[in-house]
$ cat protein26.pdb   # PDB, C-alpha atoms
ATOM      1  CA  MET A   1     -36.343  16.682 -59.402
ATOM      2  CA  GLU A   2     -34.158  16.298 -56.320
ATOM      3  CA  ARG A   3     -36.020  14.622 -53.487
ATOM      4  CA  PRO A   4     -35.589  16.710 -50.318
ATOM      5  CA  GLU A   5     -34.455  14.944 -47.179
ATOM      6  CA  LEU A   6     -36.116  17.012 -44.493
ATOM      7  CA  PRO A   7     -36.829  15.302 -41.176
ATOM      8  CA  LEU A   8     -40.377  15.982 -40.054
ATOM      9  CA  PRO A   9     -39.355  17.266 -36.580
ATOM     10  CA  GLN A  10     -37.283  19.981 -38.259
ATOM     11  CA  LEU A  11     -40.123  20.943 -40.586
ATOM     12  CA  HIS A  12     -42.596  20.986 -37.705
ATOM     13  CA  ALA A  13     -40.239  23.064 -35.577
ATOM     14  CA  PHE A  14     -39.810  25.550 -38.418
ATOM     15  CA  VAL A  15     -43.580  26.024 -38.865
ATOM     16  CA  VAL A  16     -44.217  26.459 -35.135
ATOM     17  CA  LEU A  17     -41.364  28.941 -34.760
ATOM     18  CA  ALA A  18     -42.582  30.844 -37.832
ATOM     19  CA  GLU A  19     -46.009  31.135 -36.197
ATOM     20  CA  GLU A  20     -44.748  32.132 -32.748
ATOM     21  CA  LEU A  21     -41.645  34.129 -33.734
ATOM     22  CA  HIS A  22     -40.410  33.417 -30.216
ATOM     23  CA  PHE A  23     -38.115  30.535 -29.271
ATOM     24  CA  GLY A  24     -39.538  30.144 -25.775
ATOM     25  CA  ARG A  25     -43.182  29.952 -26.863
ATOM     26  CA  ALA A  26     -42.335  27.694 -29.825
ATOM     27  CA  ALA A  27     -40.359  25.311 -27.619
ATOM     28  CA  ALA A  28     -43.263  25.160 -25.151
ATOM     29  CA  ARG A  29     -45.716  24.299 -27.962
ATOM     30  CA  LEU A  30     -43.385  21.583 -29.192
ATOM     31  CA  GLY A  31     -42.779  20.210 -25.691
ATOM     32  CA  ILE A  32     -39.011  20.546 -25.942
ATOM     33  CA  ALA A  33     -36.339  22.837 -24.482
ATOM     34  CA  GLN A  34     -35.030  25.839 -26.399
ATOM     35  CA  PRO A  35     -31.565  24.401 -27.179
ATOM     36  CA  PRO A  36     -32.943  21.353 -29.108
ATOM     37  CA  LEU A  37     -35.305  23.698 -30.980
ATOM     38  CA  SER A  38     -32.403  25.927 -31.972
ATOM     39  CA  GLN A  39     -30.446  22.873 -33.129
ATOM     40  CA  GLN A  40     -33.312  21.678 -35.329
ATOM     41  CA  ILE A  41     -33.689  25.096 -36.950
ATOM     42  CA  ARG A  42     -29.934  25.323 -37.588
ATOM     43  CA  ARG A  43     -29.898  21.864 -39.181
ATOM     44  CA  LEU A  44     -32.815  22.795 -41.421
ATOM     45  CA  GLU A  45     -31.074  26.031 -42.432
ATOM     46  CA  ASP A  46     -27.959  24.015 -43.249
ATOM     47  CA  LYS A  47     -30.013  21.824 -45.587
ATOM     48  CA  VAL A  48     -31.651  24.848 -47.242
ATOM     49  CA  GLY A  49     -28.338  26.643 -47.499
ATOM     50  CA  TYR A  50     -29.727  29.935 -46.299
ATOM     51  CA  ALA A  51     -30.974  31.441 -43.048
ATOM     52  CA  LEU A  52     -34.714  31.057 -42.506
ATOM     53  CA  PHE A  53     -34.943  33.462 -39.582
ATOM     54  CA  SER A  54     -33.346  36.826 -38.884
ATOM     55  CA  ARG A  55     -32.115  36.991 -35.293
ATOM     56  CA  GLU A  56     -31.724  40.330 -33.552
ATOM     57  CA  PRO A  57     -31.703  41.084 -29.829
ATOM     58  CA  GLY A  58     -35.292  40.827 -28.624
ATOM     59  CA  HIS A  59     -36.639  40.118 -32.104
ATOM     60  CA  ILE A  60     -36.909  37.190 -34.541
ATOM     61  CA  GLY A  61     -38.381  37.325 -38.018
ATOM     62  CA  LEU A  62     -38.641  35.306 -41.192
ATOM     63  CA  THR A  63     -36.136  35.901 -43.948
ATOM     64  CA  ALA A  64     -37.139  35.916 -47.610
ATOM     65  CA  ALA A  65     -36.103  32.231 -47.791
ATOM     66  CA  GLY A  66     -38.182  31.457 -44.694
ATOM     67  CA  ARG A  67     -41.262  33.210 -46.099
ATOM     68  CA  GLU A  68     -40.889  31.176 -49.314
ATOM     69  CA  LEU A  69     -40.574  27.858 -47.466
ATOM     70  CA  LEU A  70     -43.426  28.376 -44.996
ATOM     71  CA  PRO A  71     -46.452  27.686 -47.286
ATOM     72  CA  ALA A  72     -44.856  24.520 -48.671
ATOM     73  CA  ALA A  73     -43.917  23.334 -45.171
ATOM     74  CA  ARG A  74     -47.474  23.867 -43.914
ATOM     75  CA  LEU A  75     -48.922  22.070 -46.958
ATOM     76  CA  ALA A  76     -46.553  19.125 -46.507
ATOM     77  CA  LEU A  77     -47.513  18.712 -42.849
ATOM     78  CA  THR A  78     -51.234  19.043 -43.687
ATOM     79  CA  HIS A  79     -51.025  16.426 -46.437
ATOM     80  CA  LEU A  80     -49.160  14.068 -44.149
ATOM     81  CA  ALA A  81     -51.755  14.476 -41.395
ATOM     82  CA  GLN A  82     -54.544  13.845 -43.892
ATOM     83  CA  GLY A  83     -52.745  10.807 -45.263
ATOM     84  CA  LEU A  84     -52.277   9.354 -41.782
ATOM     85  CA  THR A  85     -55.967   9.880 -41.004
ATOM     86  CA  ALA A  86     -57.012   8.250 -44.284
ATOM     87  CA  ALA A  87     -54.655   5.317 -43.723
ATOM     88  CA  ARG A  88     -56.045   4.742 -40.242
ATOM     89  CA  GLU A  89     -59.646   4.895 -41.504
ATOM     90  CA  VAL A  90     -58.912   2.425 -44.298
ATOM     91  CA  GLY A  91     -56.996   0.137 -41.946
ATOM     92  CA  SER A  92     -59.856   0.149 -39.448
ATOM     93  CA  GLY A  93     -62.471  -0.521 -42.133
ATOM     94  CA  LYS A  94     -64.113   2.910 -41.847
ATOM     95  CA  ALA A  95     -63.078   4.017 -45.342
ATOM     96  CA  GLY A  96     -61.776   2.573 -48.576
ATOM     97  CA  HIS A  97     -63.194   0.896 -51.645
ATOM     98  CA  LEU A  98     -65.575  -2.070 -51.752
ATOM     99  CA  ARG A  99     -66.714  -3.829 -54.936
ATOM    100  CA  ILE A 100     -70.036  -5.665 -54.735
ATOM    101  CA  GLY A 101     -71.519  -7.999 -57.328
ATOM    102  CA  PHE A 102     -75.242  -8.700 -57.178
ATOM    103  CA  ALA A 103     -77.856 -10.708 -59.018
ATOM    104  CA  ALA A 104     -80.335  -8.343 -60.681
ATOM    105  CA  SER A 105     -83.346  -9.811 -58.880
ATOM    106  CA  LEU A 106     -81.772  -8.931 -55.515
ATOM    107  CA  ALA A 107     -82.213  -5.251 -56.310
ATOM    108  CA  LEU A 108     -85.824  -6.035 -55.328
ATOM    109  CA  THR A 109     -85.012  -7.587 -51.954
ATOM    110  CA  VAL A 110     -81.646  -7.725 -50.184
ATOM    111  CA  LEU A 111     -79.575  -5.060 -51.932
ATOM    112  CA  PRO A 112     -81.438  -1.812 -51.062
ATOM    113  CA  SER A 113     -81.634  -2.427 -47.307
ATOM    114  CA  LEU A 114     -78.042  -3.707 -47.188
ATOM    115  CA  LEU A 115     -76.682  -0.657 -48.979
ATOM    116  CA  ARG A 116     -78.696   1.743 -46.812
ATOM    117  CA  THR A 117     -77.409   0.105 -43.631
ATOM    118  CA  PHE A 118     -73.831   0.010 -44.855
ATOM    119  CA  ARG A 119     -73.866   3.625 -46.037
ATOM    120  CA  GLU A 120     -75.213   4.767 -42.676
ATOM    121  CA  ARG A 121     -72.426   2.979 -40.812
ATOM    122  CA  PHE A 122     -69.595   3.570 -43.267
ATOM    123  CA  PRO A 123     -70.317   6.852 -45.093
ATOM    124  CA  ALA A 124     -66.684   7.307 -46.181
ATOM    125  CA  VAL A 125     -66.552   4.002 -48.095
ATOM    126  CA  ASN A 126     -66.635   4.171 -51.885
ATOM    127  CA  LEU A 127     -68.949   1.437 -53.215
ATOM    128  CA  ASP A 128     -68.669  -0.033 -56.712
ATOM    129  CA  ILE A 129     -71.873  -1.985 -57.478
ATOM    130  CA  GLN A 130     -71.790  -4.415 -60.406
ATOM    131  CA  GLU A 131     -74.771  -6.391 -61.702
ATOM    132  CA  MET A 132     -73.936  -9.988 -62.616
ATOM    133  CA  THR A 133     -75.442 -13.457 -62.347
ATOM    134  CA  THR A 134     -74.217 -16.191 -60.014
ATOM    135  CA  THR A 135     -71.578 -17.930 -62.139
ATOM    136  CA  PRO A 136     -69.812 -14.695 -63.168
ATOM    137  CA  GLN A 137     -69.879 -13.557 -59.530
ATOM    138  CA  LEU A 138     -68.107 -16.692 -58.359
ATOM    139  CA  ALA A 139     -65.468 -16.195 -61.062
ATOM    140  CA  ALA A 140     -65.072 -12.505 -60.178
ATOM    141  CA  LEU A 141     -64.561 -13.334 -56.501
ATOM    142  CA  ARG A 142     -61.835 -15.822 -57.352
ATOM    143  CA  GLU A 143     -60.233 -13.372 -59.774
ATOM    144  CA  ARG A 144     -60.414 -10.621 -57.107
ATOM    145  CA  THR A 145     -62.355  -8.221 -59.306
ATOM    146  CA  ILE A 146     -65.149  -8.008 -56.705
ATOM    147  CA  ASP A 147     -64.955  -8.279 -52.912
ATOM    148  CA  ILE A 148     -68.508  -9.323 -52.032
ATOM    149  CA  GLY A 149     -71.147 -11.231 -53.983
ATOM    150  CA  LEU A 150     -74.918 -11.368 -53.485
ATOM    151  CA  LEU A 151     -76.102 -14.408 -55.383
ATOM    152  CA  ARG A 152     -78.569 -17.271 -55.556
ATOM    153  CA  GLU A 153     -77.878 -20.883 -54.718
ATOM    154  CA  PRO A 154     -74.185 -20.830 -53.807
ATOM    155  CA  PRO A 155     -72.118 -24.019 -54.059
ATOM    156  CA  ALA A 156     -72.430 -26.382 -51.122
ATOM    157  CA  HIS A 157     -68.676 -26.289 -50.455
ATOM    158  CA  ASP A 158     -65.828 -24.131 -51.704
ATOM    159  CA  ALA A 159     -62.254 -24.146 -50.444
ATOM    160  CA  GLU A 160     -61.640 -20.501 -51.356
ATOM    161  CA  LEU A 161     -64.992 -18.800 -50.783
ATOM    162  CA  GLY A 162     -67.278 -18.370 -47.784
ATOM    163  CA  PHE A 163     -71.078 -18.167 -47.973
ATOM    164  CA  GLN A 164     -73.819 -17.026 -45.621
ATOM    165  CA  THR A 165     -77.524 -17.408 -46.321
ATOM    166  CA  VAL A 166     -79.373 -14.111 -45.942
ATOM    167  CA  LEU A 167     -82.772 -14.987 -47.419
ATOM    168  CA  THR A 168     -84.841 -17.990 -48.487
ATOM    169  CA  GLU A 169     -87.889 -17.767 -50.691
ATOM    170  CA  PRO A 170     -90.310 -20.103 -52.504
ATOM    171  CA  PHE A 171     -90.952 -20.260 -56.210
ATOM    172  CA  VAL A 172     -93.947 -18.841 -58.065
ATOM    173  CA  ALA A 173     -95.440 -19.515 -61.479
ATOM    174  CA  VAL A 174     -94.982 -16.685 -63.981
ATOM    175  CA  LEU A 175     -97.842 -16.662 -66.494
ATOM    176  CA  PRO A 176     -99.241 -14.502 -69.265
ATOM    177  CA  ALA A 177    -102.151 -12.629 -67.685
ATOM    178  CA  SER A 178    -104.426 -14.101 -70.364
ATOM    179  CA  HIS A 179    -103.411 -17.696 -69.597
ATOM    180  CA  PRO A 180    -106.248 -19.884 -68.230
ATOM    181  CA  LEU A 181    -104.130 -20.816 -65.189
ATOM    182  CA  ALA A 182    -103.897 -17.140 -64.230
ATOM    183  CA  ALA A 183    -107.530 -17.350 -63.102
ATOM    184  CA  GLN A 184    -106.459 -19.695 -60.267
ATOM    185  CA  ARG A 185    -105.092 -18.543 -56.919
ATOM    186  CA  ALA A 186    -102.522 -21.353 -56.981
ATOM    187  CA  VAL A 187    -101.071 -23.457 -59.773
ATOM    188  CA  GLN A 188    -100.235 -27.138 -59.522
ATOM    189  CA  VAL A 189     -96.779 -27.594 -61.032
ATOM    190  CA  ASP A 190     -97.988 -30.501 -63.175
ATOM    191  CA  GLN A 191    -100.475 -28.105 -64.823
ATOM    192  CA  LEU A 192     -97.479 -26.539 -66.576
ATOM    193  CA  ALA A 193     -96.437 -29.805 -68.232
ATOM    194  CA  ASP A 194     -97.654 -28.879 -71.725
ATOM    195  CA  CYS A 195     -96.515 -25.240 -71.606
ATOM    196  CA  PRO A 196     -93.380 -23.876 -73.291
ATOM    197  CA  PHE A 197     -90.947 -22.420 -70.740
ATOM    198  CA  VAL A 198     -88.882 -19.236 -70.644
ATOM    199  CA  LEU A 199     -85.877 -19.602 -68.327
ATOM    200  CA  LEU A 200     -82.416 -18.303 -67.531
ATOM    201  CA  PRO A 201     -79.667 -20.355 -69.225
ATOM    202  CA  ARG A 202     -78.284 -23.023 -66.925
ATOM    203  CA  ALA A 203     -74.758 -21.616 -67.363
ATOM    204  CA  VAL A 204     -75.547 -18.389 -65.482
ATOM    205  CA  GLY A 205     -76.722 -20.254 -62.363
ATOM    206  CA  PRO A 206     -76.636 -24.067 -62.522
ATOM    207  CA  PRO A 207     -78.034 -24.765 -59.007
ATOM    208  CA  LEU A 208     -81.044 -22.456 -59.507
ATOM    209  CA  TYR A 209     -81.763 -23.867 -62.966
ATOM    210  CA  ASP A 210     -81.565 -27.395 -61.573
ATOM    211  CA  GLN A 211     -83.974 -26.520 -58.757
ATOM    212  CA  ILE A 212     -86.558 -25.385 -61.299
ATOM    213  CA  ALA A 213     -85.981 -28.452 -63.459
ATOM    214  CA  ASP A 214     -86.286 -30.713 -60.396
ATOM    215  CA  LEU A 215     -89.601 -29.087 -59.443
ATOM    216  CA  CYS A 216     -90.924 -30.023 -62.863
ATOM    217  CA  ILE A 217     -89.432 -33.516 -62.838
ATOM    218  CA  ALA A 218     -90.979 -34.174 -59.411
ATOM    219  CA  ALA A 219     -94.333 -33.202 -60.992
ATOM    220  CA  GLY A 220     -93.823 -35.772 -63.744
ATOM    221  CA  PHE A 221     -92.425 -33.799 -66.688
ATOM    222  CA  THR A 222     -89.291 -32.171 -68.074
ATOM    223  CA  PRO A 223     -89.709 -28.463 -68.856
ATOM    224  CA  GLN A 224     -89.645 -27.716 -72.572
ATOM    225  CA  VAL A 225     -87.568 -24.546 -72.711
ATOM    226  CA  THR A 226     -88.213 -22.636 -75.922
ATOM    227  CA  GLN A 227     -86.670 -19.294 -74.959
ATOM    228  CA  TYR A 228     -83.789 -18.190 -72.717
ATOM    229  CA  ALA A 229     -83.020 -14.783 -71.185
ATOM    230  CA  VAL A 230     -80.165 -13.842 -68.856
ATOM    231  CA  GLU A 231     -82.209 -11.580 -66.522
ATOM    232  CA  TRP A 232     -85.468 -12.274 -64.714
ATOM    233  CA  GLN A 233     -87.000  -9.000 -65.868
ATOM    234  CA  THR A 234     -86.481 -10.119 -69.467
ATOM    235  CA  VAL A 235     -87.915 -13.548 -68.653
ATOM    236  CA  CYS A 236     -91.058 -11.908 -67.287
ATOM    237  CA  ALA A 237     -91.327  -9.568 -70.257
ATOM    238  CA  LEU A 238     -91.120 -12.504 -72.660
ATOM    239  CA  VAL A 239     -93.743 -14.403 -70.663
ATOM    240  CA  GLY A 240     -95.965 -11.330 -70.923
ATOM    241  CA  THR A 241     -95.774 -11.516 -74.714
ATOM    242  CA  GLY A 242     -97.155 -15.073 -74.604
ATOM    243  CA  LEU A 243     -93.909 -16.904 -75.458
ATOM    244  CA  GLY A 244     -94.307 -19.266 -72.520
ATOM    245  CA  VAL A 245     -94.465 -19.634 -68.752
ATOM    246  CA  SER A 246     -91.790 -19.760 -66.091
ATOM    247  CA  LEU A 247     -91.003 -20.676 -62.516
ATOM    248  CA  ALA A 248     -89.130 -17.980 -60.625
ATOM    249  CA  PRO A 249     -88.118 -16.966 -57.074
ATOM    250  CA  GLU A 250     -91.033 -15.245 -55.356
ATOM    251  CA  SER A 251     -89.328 -11.839 -55.155
ATOM    252  CA  ILE A 252     -89.540 -11.654 -58.956
ATOM    253  CA  ARG A 253     -93.234 -10.833 -58.577
ATOM    254  CA  ARG A 254     -92.138  -7.358 -57.490
ATOM    255  CA  ILE A 255     -91.325  -6.725 -61.128
ATOM    256  CA  ARG A 256     -94.539  -5.033 -62.194
ATOM    257  CA  LEU A 257     -95.086  -5.725 -65.882
ATOM    258  CA  LYS A 258     -98.359  -5.374 -67.735
ATOM    259  CA  GLY A 259     -99.677  -8.685 -69.005
ATOM    260  CA  VAL A 260     -97.821 -10.845 -66.452
ATOM    261  CA  ALA A 261     -99.421 -12.776 -63.586
ATOM    262  CA  PHE A 262     -97.646 -14.426 -60.642
ATOM    263  CA  ARG A 263     -99.252 -17.328 -58.802
ATOM    264  CA  ARG A 264     -98.063 -19.456 -55.918
ATOM    265  CA  ILE A 265     -97.345 -23.063 -56.761
ATOM    266  CA  GLU A 266     -98.307 -26.375 -55.180
ATOM    267  CA  PRO A 267     -96.586 -28.367 -53.900
ATOM    268  CA  ASP A 268     -94.514 -25.627 -52.313
ATOM    269  CA  THR A 269     -91.641 -27.860 -51.256
ATOM    270  CA  VAL A 270     -88.545 -26.167 -52.675
ATOM    271  CA  HIS A 271     -87.102 -22.830 -51.609
ATOM    272  CA  THR A 272     -84.198 -20.957 -53.169
ATOM    273  CA  ARG A 273     -81.389 -19.434 -51.118
ATOM    274  CA  VAL A 274     -79.904 -15.981 -51.432
ATOM    275  CA  ALA A 275     -76.396 -15.771 -49.990
ATOM    276  CA  VAL A 276     -73.581 -13.319 -49.481
ATOM    277  CA  ALA A 277     -70.227 -14.631 -50.726
ATOM    278  CA  TRP A 278     -66.678 -13.521 -49.966
ATOM    279  CA  ARG A 279     -63.105 -14.724 -50.187
ATOM    280  CA  LYS A 280     -61.924 -16.512 -47.079
ATOM    281  CA  ASN A 281     -59.055 -14.699 -45.348
ATOM    282  CA  ASP A 282     -59.603 -11.555 -47.432
ATOM    283  CA  PRO A 283     -57.396  -8.837 -45.869
ATOM    284  CA  ASN A 284     -59.809  -6.050 -46.862
ATOM    285  CA  PRO A 285     -61.235  -4.840 -43.498
ATOM    286  CA  LEU A 286     -64.412  -3.677 -45.247
ATOM    287  CA  VAL A 287     -65.464  -7.277 -45.926
ATOM    288  CA  PRO A 288     -66.123  -8.115 -42.260
ATOM    289  CA  GLY A 289     -67.819  -4.723 -42.010
ATOM    290  CA  ILE A 290     -70.460  -5.543 -44.600
ATOM    291  CA  LEU A 291     -70.943  -9.028 -43.139
ATOM    292  CA  ALA A 292     -71.512  -7.433 -39.743
ATOM    293  CA  ALA A 293     -74.046  -5.062 -41.311
ATOM    294  CA  LEU A 294     -75.959  -8.066 -42.640
ATOM    295  CA  ASN A 295     -75.849  -9.842 -39.288
ATOM    296  CA  GLN A 296     -76.932  -6.789 -37.303
ATOM    297  CA  ASP A 297     -79.729  -5.747 -39.642
ATOM    298  CA  PRO A 298     -80.648  -8.848 -41.660
ATOM    299  CA  PRO A 299     -83.443  -8.960 -44.239
ATOM    300  CA  ASP A 300     -86.400 -11.218 -43.579
ATOM    301  CA  ARG A 301     -85.115 -14.763 -43.701
ATOM    302  CA  THR A 302     -88.131 -15.905 -45.692
ATOM    303  CA  ALA A 303     -89.762 -13.811 -48.368
ATOM    304  CA  THR A 304     -93.238 -12.579 -47.519
ATOM    305  CA  ARG A 305     -96.035 -13.473 -49.875
ATOM    306  CA  THR A 306     -97.947 -10.666 -51.505
ATOM    307  CA  SER A 307    -101.390 -10.750 -53.028
ATOM    308  CA  PRO A 308    -101.717 -12.264 -56.535
ATOM    309  CA  SER A 309    -101.230  -9.933 -59.444
TER     310      SER A 309
END

$ encode --input "protein26.pdb" --output "structure tokens"
Amino acid sequence: MERPELPLPQLHAFVVLAEELHFGRAAARLGIAQPPLSQQIRRLEDKVGYALFSREPGHIGLTAAGRELLPAARLALTHLAQGLTAAREVGSGKAGHLRIGFAASLALTVLPSLLRTFRERFPAVNLDIQEMTTTPQLAALRERTIDIGLLREPPAHDAELGFQTVLTEPFVAVLPASHPLAAQRAVQVDQLADCPFVLLPRAVGPPLYDQIADLCIAAGFTPQVTQYAVEWQTVCALVGTGLGVSLAPESIRRIRLKGVAFRRIEPDTVHTRVAVAWRKNDPNPLVPGILAALNQDPPDRTATRTSPS
């Protein structure tokens, strides 16, 4: 198909003149004199190869060619105006596409309030939410398959990625409801020394796994992990079946599963961090927008304890 070369001023002049059917009024709407308007129409007619307007003394009308061109000309100008508006909204960070990775447990804490705030401020943004653990999130950020990550225990330093802590929370013991320790309001970590453990594999979040292992080592034992699961909900479900115990971030107690008890631990000396992660110098204007949403309406910096369950 031949690509038409129609200057926009000519197309605009044609549409306005077709609406006014009067050179004086059309020129006034366009903010130009009548002679330049007549020149633009003549040049457009030269490109079409046929007259677009019939000209008679005291009267101007559209020819058959003009009537055929008018709907397409209006549509072209409308699409261009819409495209310019969309481009400006994307460029300003008011619209576009944002891909967010999040750790499953954060659906219980940070994610809902963040998404509500962001949707209120940026309703035209298309969000793509992907559930993934910490290590895959870091890889996805570097590979540019997500734009923002919500994860636990980010690396201390990273040349390519930026991190901002949005929440800290202590650990709790996750026990079968029938376990003798579930009768206590608090569990000493060393009381778990002889219990089999259910944990996330270290590969999905090495810093978090090491924090849990260090809690146990500080209490005088190395956790004997007999079962792994890649999501905290699965960990809790397996604990509920009696396969073992676990240590988990406190927000995990919001997972309500029959047969599972959550108890605070002593000593309560280690807290886990939840952070937002992004690529440094990312040109996507939506990235600073979501960071601003977190800064303006942050979640509680420390998780609030709830009653034992």

$ resolve_selection --input "protein26.pdb" --expression "the PyMOL selection byres ((chain A and resi 197) around 8)" --output "number ranges by chain"
A: 195-196, 198-199, 223-227, 243-246

$ atom_distance --input "protein26.pdb" --atom1 "atom CA of Leu286 of chain A" --atom2 "atom CA of Gly205 of chain A"
26.8 Å

$ resolve_selection --input "protein26.pdb" --expression "the PyMOL selection byres ((chain A and resi 276) around 9)" --output "PyMOL selection string"
chain A and resi 148-152+154+162-166+274-275+277-278+291+294

$ resolve_selection --input "protein26.pdb" --expression "the PyMOL selection byres ((chain A and resi 100) around 7)" --output "NGL selection string"
:A and (98-99 or 101-102 or 128-130 or 146-149)

$ residues_around --input "protein26.pdb" --residues "Thr117 of chain A" --least-positions-apart "4" --cutoff "7 Å" --atoms "only C-alpha atoms" --output "count of residues only"
3

$ closest_atom_pairs --input "protein26.pdb" --of "segment 109-208 of chain A" --to "segment 253-268 of chain A" --cutoff "8 Å" --atoms "all atoms listed in the file" --output "Markdown table"
| residue | atom | partner | partner_atom | distance |
| --- | --- | --- | --- | --- |
| A:Pro170 | CA | A:Asp268 | CA | 6.9 |
| A:Phe171 | CA | A:Ile265 | CA | 7.0 |
| A:Val172 | CA | A:Arg264 | CA | 4.7 |
| A:Ala173 | CA | A:Arg263 | CA | 5.1 |
| A:Val174 | CA | A:Phe262 | CA | 4.8 |
| A:Leu175 | CA | A:Ala261 | CA | 5.1 |
| A:Pro176 | CA | A:Val260 | CA | 4.8 |
| A:Ala177 | CA | A:Gly259 | CA | 4.8 |
| A:Ser178 | CA | A:Gly259 | CA | 7.3 |
| A:Ala182 | CA | A:Ala261 | CA | 6.3 |
| A:Gln184 | CA | A:Arg263 | CA | 7.7 |
| A:Arg185 | CA | A:Arg263 | CA | 6.3 |
| A:Ala186 | CA | A:Arg264 | CA | 5.0 |
| A:Val187 | CA | A:Ile265 | CA | 4.8 |
| A:Gln188 | CA | A:Glu266 | CA | 4.8 |
| A:Val189 | CA | A:Glu266 | CA | 6.2 |

$ decode --input "protein26.pdb" --residues "segment 263-274 of chain A" --atoms "N, CA and C atoms" --output "PDB file, in the first residue's frame"
ATOM      1  N   ARG A 263       3.650 -19.056  67.645  1.00  0.00           N
ATOM      2  CA  ARG A 263       4.047 -18.543  68.952  1.00  0.00           C
ATOM      3  C   ARG A 263       5.283 -17.651  68.807  1.00  0.00           C
ATOM      4  N   ARG A 264       5.300 -16.565  69.579  1.00  0.00           N
ATOM      5  CA  ARG A 264       6.483 -15.722  69.558  1.00  0.00           C
ATOM      6  C   ARG A 264       7.662 -16.487  70.135  1.00  0.00           C
ATOM      7  N   ILE A 265       8.854 -16.071  69.740  1.00  0.00           N
ATOM      8  CA  ILE A 265      10.053 -16.777  70.181  1.00  0.00           C
ATOM      9  C   ILE A 265      10.883 -15.896  71.104  1.00  0.00           C
ATOM     10  N   GLU A 266      11.675 -16.538  71.936  1.00  0.00           N
ATOM     11  CA  GLU A 266      12.644 -15.867  72.798  1.00  0.00           C
ATOM     12  C   GLU A 266      13.959 -16.625  72.701  1.00  0.00           C
ATOM     13  N   PRO A 267      15.070 -15.914  72.542  1.00  0.00           N
ATOM     14  CA  PRO A 267      15.181 -14.448  72.454  1.00  0.00           C
ATOM     15  C   PRO A 267      14.706 -13.923  71.098  1.00  0.00           C
ATOM     16  N   ASP A 268      14.121 -12.749  71.156  1.00  0.00           N
ATOM     17  CA  ASP A 268      13.584 -12.102  69.952  1.00  0.00           C
ATOM     18  C   ASP A 268      14.605 -11.057  69.492  1.00  0.00           C
ATOM     19  N   THR A 269      15.700 -11.528  68.946  1.00  0.00           N
ATOM     20  CA  THR A 269      16.829 -10.648  68.642  1.00  0.00           C
ATOM     21  C   THR A 269      17.042 -10.409  67.158  1.00  0.00           C
ATOM     22  N   VAL A 270      16.382 -11.178  66.310  1.00  0.00           N
ATOM     23  CA  VAL A 270      16.610 -11.072  64.869  1.00  0.00           C
ATOM     24  C   VAL A 270      15.307 -10.716  64.174  1.00  0.00           C
ATOM     25  N   HIS A 271      15.353  -9.705  63.336  1.00  0.00           N
ATOM     26  CA  HIS A 271      14.204  -9.311  62.530  1.00  0.00           C
ATOM     27  C   HIS A 271      14.544  -9.461  61.051  1.00  0.00           C
ATOM     28  N   THR A 272      13.542  -9.773  60.257  1.00  0.00           N
ATOM     29  CA  THR A 272      13.740  -9.897  58.812  1.00  0.00           C
ATOM     30  C   THR A 272      13.243  -8.633  58.120  1.00  0.00           C
ATOM     31  N   ARG A 273      13.906  -8.278  57.031  1.00  0.00           N
ATOM     32  CA  ARG A 273      13.559  -7.066  56.288  1.00  0.00           C
ATOM     33  C   ARG A 273      12.772  -7.406  55.033  1.00  0.00           C
ATOM     34  N   VAL A 274      11.760  -6.593  54.778  1.00  0.00           N
ATOM     35  CA  VAL A 274      11.064  -6.612  53.496  1.00  0.00           C
ATOM     36  C   VAL A 274      11.488  -5.348  52.759  1.00  0.00           C
TER      37      VAL A 274
END
